[in-house]
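Engineer: So that you have it, the file is my_file-v8.tsv, and it contains TSV, C-alpha atoms:
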chain	number	residue	atom	x	y	z
A	926	MET	CA	-28.04	241.80	8.71
A	927	GLY	CA	-27.24	242.01	12.47
A	928	ARG	CA	-24.93	239.55	14.20
A	929	ASN	CA	-25.73	238.31	17.64
A	930	PRO	CA	-23.28	238.93	20.53
A	931	LEU	CA	-22.06	235.32	20.67
A	932	THR	CA	-21.10	235.36	17.01
A	933	GLN	CA	-19.26	238.65	17.48
A	934	LEU	CA	-17.44	237.27	20.53
A	935	ALA	CA	-16.42	234.13	18.63
A	936	SER	CA	-15.16	236.25	15.77
A	937	LEU	CA	-13.11	238.42	18.13
A	938	GLY	CA	-11.68	235.33	19.81
A	939	GLU	CA	-10.57	233.95	16.45
A	940	ASP	CA	-8.94	237.27	15.58
A	941	VAL	CA	-7.07	237.35	18.89
A	942	ILE	CA	-5.82	233.78	18.46
A	943	GLY	CA	-4.72	234.55	14.90
A	944	LYS	CA	-2.79	237.63	15.98
A	945	ALA	CA	-1.26	235.82	18.96
A	946	SER	CA	0.03	233.05	16.73
A	947	GLN	CA	1.86	235.63	14.62
A	948	ASN	CA	3.55	237.18	17.65
A	949	PRO	CA	6.78	235.23	18.44
A	950	THR	CA	6.58	235.87	22.17
A	951	ALA	CA	2.97	234.76	22.41
A	952	SER	CA	3.75	231.76	20.22
A	953	ARG	CA	6.57	230.65	22.55
A	954	PHE	CA	4.27	231.13	25.53
A	955	LEU	CA	1.57	228.98	23.95
A	956	GLN	CA	4.12	226.28	23.05
A	957	GLY	CA	5.35	226.29	26.64
A	958	ALA	CA	1.80	226.00	27.94
A	959	VAL	CA	1.11	223.04	25.64
A	960	GLN	CA	4.34	221.32	26.74
A	961	LEU	CA	3.47	221.92	30.38
A	962	ARG	CA	0.05	220.37	29.86
A	963	ASP	CA	1.62	217.32	28.19
A	964	ARG	CA	4.12	216.91	31.02
A	965	VAL	CA	1.42	217.17	33.68
A	966	ASP	CA	-0.63	214.56	31.84
A	967	ASP	CA	2.38	212.25	31.71
A	968	LEU	CA	3.10	212.71	35.41
A	969	SER	CA	-0.51	212.04	36.36
A	970	LYS	CA	-0.40	208.79	34.39
A	971	ARG	CA	2.77	207.78	36.20
A	972	VAL	CA	1.25	208.58	39.59
A	973	ARG	CA	-1.79	206.48	38.79
A	974	GLY	CA	0.58	203.65	37.89
A	975	LEU	CA	2.40	204.04	41.20
A	976	GLU	CA	-0.87	203.91	43.12
A	977	GLN	CA	-1.73	200.64	41.38
A	978	MET	CA	1.70	199.24	42.22
A	979	GLU	CA	1.28	200.22	45.88
A	980	LYS	CA	-2.01	198.31	46.00
A	981	GLN	CA	-0.33	195.26	44.48
A	982	ILE	CA	2.53	195.48	46.99
A	983	ALA	CA	0.07	195.66	49.89
A	984	GLU	CA	-1.71	192.55	48.59
A	985	LEU	CA	1.58	190.71	48.20
A	986	GLU	CA	2.66	191.67	51.72
A	987	LYS	CA	-0.59	190.23	53.07
A	988	ARG	CA	-0.01	186.99	51.15
A	989	VAL	CA	3.57	186.71	52.42
A	990	ALA	CA	2.44	187.34	56.00
A	991	LYS	CA	-0.19	184.63	55.61
A	992	LEU	CA	2.37	182.16	54.26
A	993	GLU	CA	4.82	182.95	57.07
A	994	GLY	CA	2.27	181.99	59.68
A	995	GLY	CA	0.37	185.19	60.06
A	996	THR	CA	2.40	186.54	62.95
A	997	GLY	CA	2.52	189.95	61.36
A	998	ARG	CA	5.45	190.88	63.55
A	999	LYS	CA	8.56	192.47	62.24
A	1000	PRO	CA	11.88	191.28	63.60
A	1001	ALA	CA	13.03	193.40	66.50
A	1002	ALA	CA	15.89	195.73	65.74
A	1003	ALA	CA	19.08	195.21	67.69
A	1004	SER	CA	18.96	197.41	70.76
A	1005	LYS	CA	21.93	199.58	71.52
A	1006	THR	CA	23.40	199.36	74.97
A	1007	THR	CA	25.37	202.17	76.51
A	1008	PRO	CA	28.13	201.62	79.08
A	1009	ALA	CA	27.33	202.48	82.66
A	1010	LYS	CA	28.37	205.95	83.73
A	1011	PRO	CA	31.03	206.04	86.47
A	1012	LYS	CA	30.10	207.51	89.83
A	1013	PRO	CA	31.29	211.09	90.40
A	1014	ASP	CA	33.43	210.17	93.43
A	1015	ALA	CA	35.12	207.25	91.73
A	1016	ALA	CA	35.82	209.26	88.61
A	1017	LYS	CA	37.87	211.93	90.40
A	1018	PRO	CA	40.02	210.44	93.20
A	1019	ASP	CA	42.13	213.63	93.32
A	1020	ALA	CA	39.08	215.70	94.25
A	1021	ALA	CA	38.39	213.52	97.30
A	1022	LYS	CA	42.00	213.92	98.51
A	1023	LYS	CA	41.83	217.73	98.21
A	1024	GLU	CA	38.64	217.87	100.32
A	1025	THR	CA	40.23	215.92	103.19
A	1026	SER	CA	43.43	217.98	103.20
As structure tokens, please, write out the structure in this file.
Structural biologist:
Amino acid sequence: MGRNPLTQLASLGEDVIGKASQNPTASRFLQGAVQLRDRVDDLSKRVRGLEQMEKQIAELEKRVAKLEGGTGRKPAAASKTTPAKPKPDAAKPDAAKKETS
């Protein structure tokens, strides 16, 4: 009775998985891969939750802007002023005396 190639391949795959589960190094690798998959799934769920929260925040900001009168302007930040720079001649009176001497 001949076996078709797919059946042989499935049988080989089962043998490989069985042997890999007996190998401690391969077993640790598979456990790590499963944990990684679980962590990625958890992170993707959290990101989806954050995206939903961002949408809700945007809607709330629109409602607040509407209630405030719809100006949509943010308060202007306090501008920093710098003191005027002194003129070069006034800054060094000794230099002017040396030139005339």
Engineer: To one decimal place, how far is CA of Ile942 (chain A) from CA of Ala958 (chain A) in Å?
Structural biologist: 14.4 Å
Engineer: Please compute the CA of Arg953 (chain A)-CA of Val941 (chain A) distance, one decimal, in Å.
Structural biologist: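 Spanning CA of Arg953 (chain A) to CA of Val941 (chain A) is a straight-line distance of 15.6 Å.
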Engineer: Distance CA of Ala945 (chain A)-CA of Ser969 (chain A), one decimal place?
Structural biologist: 29.5 Å
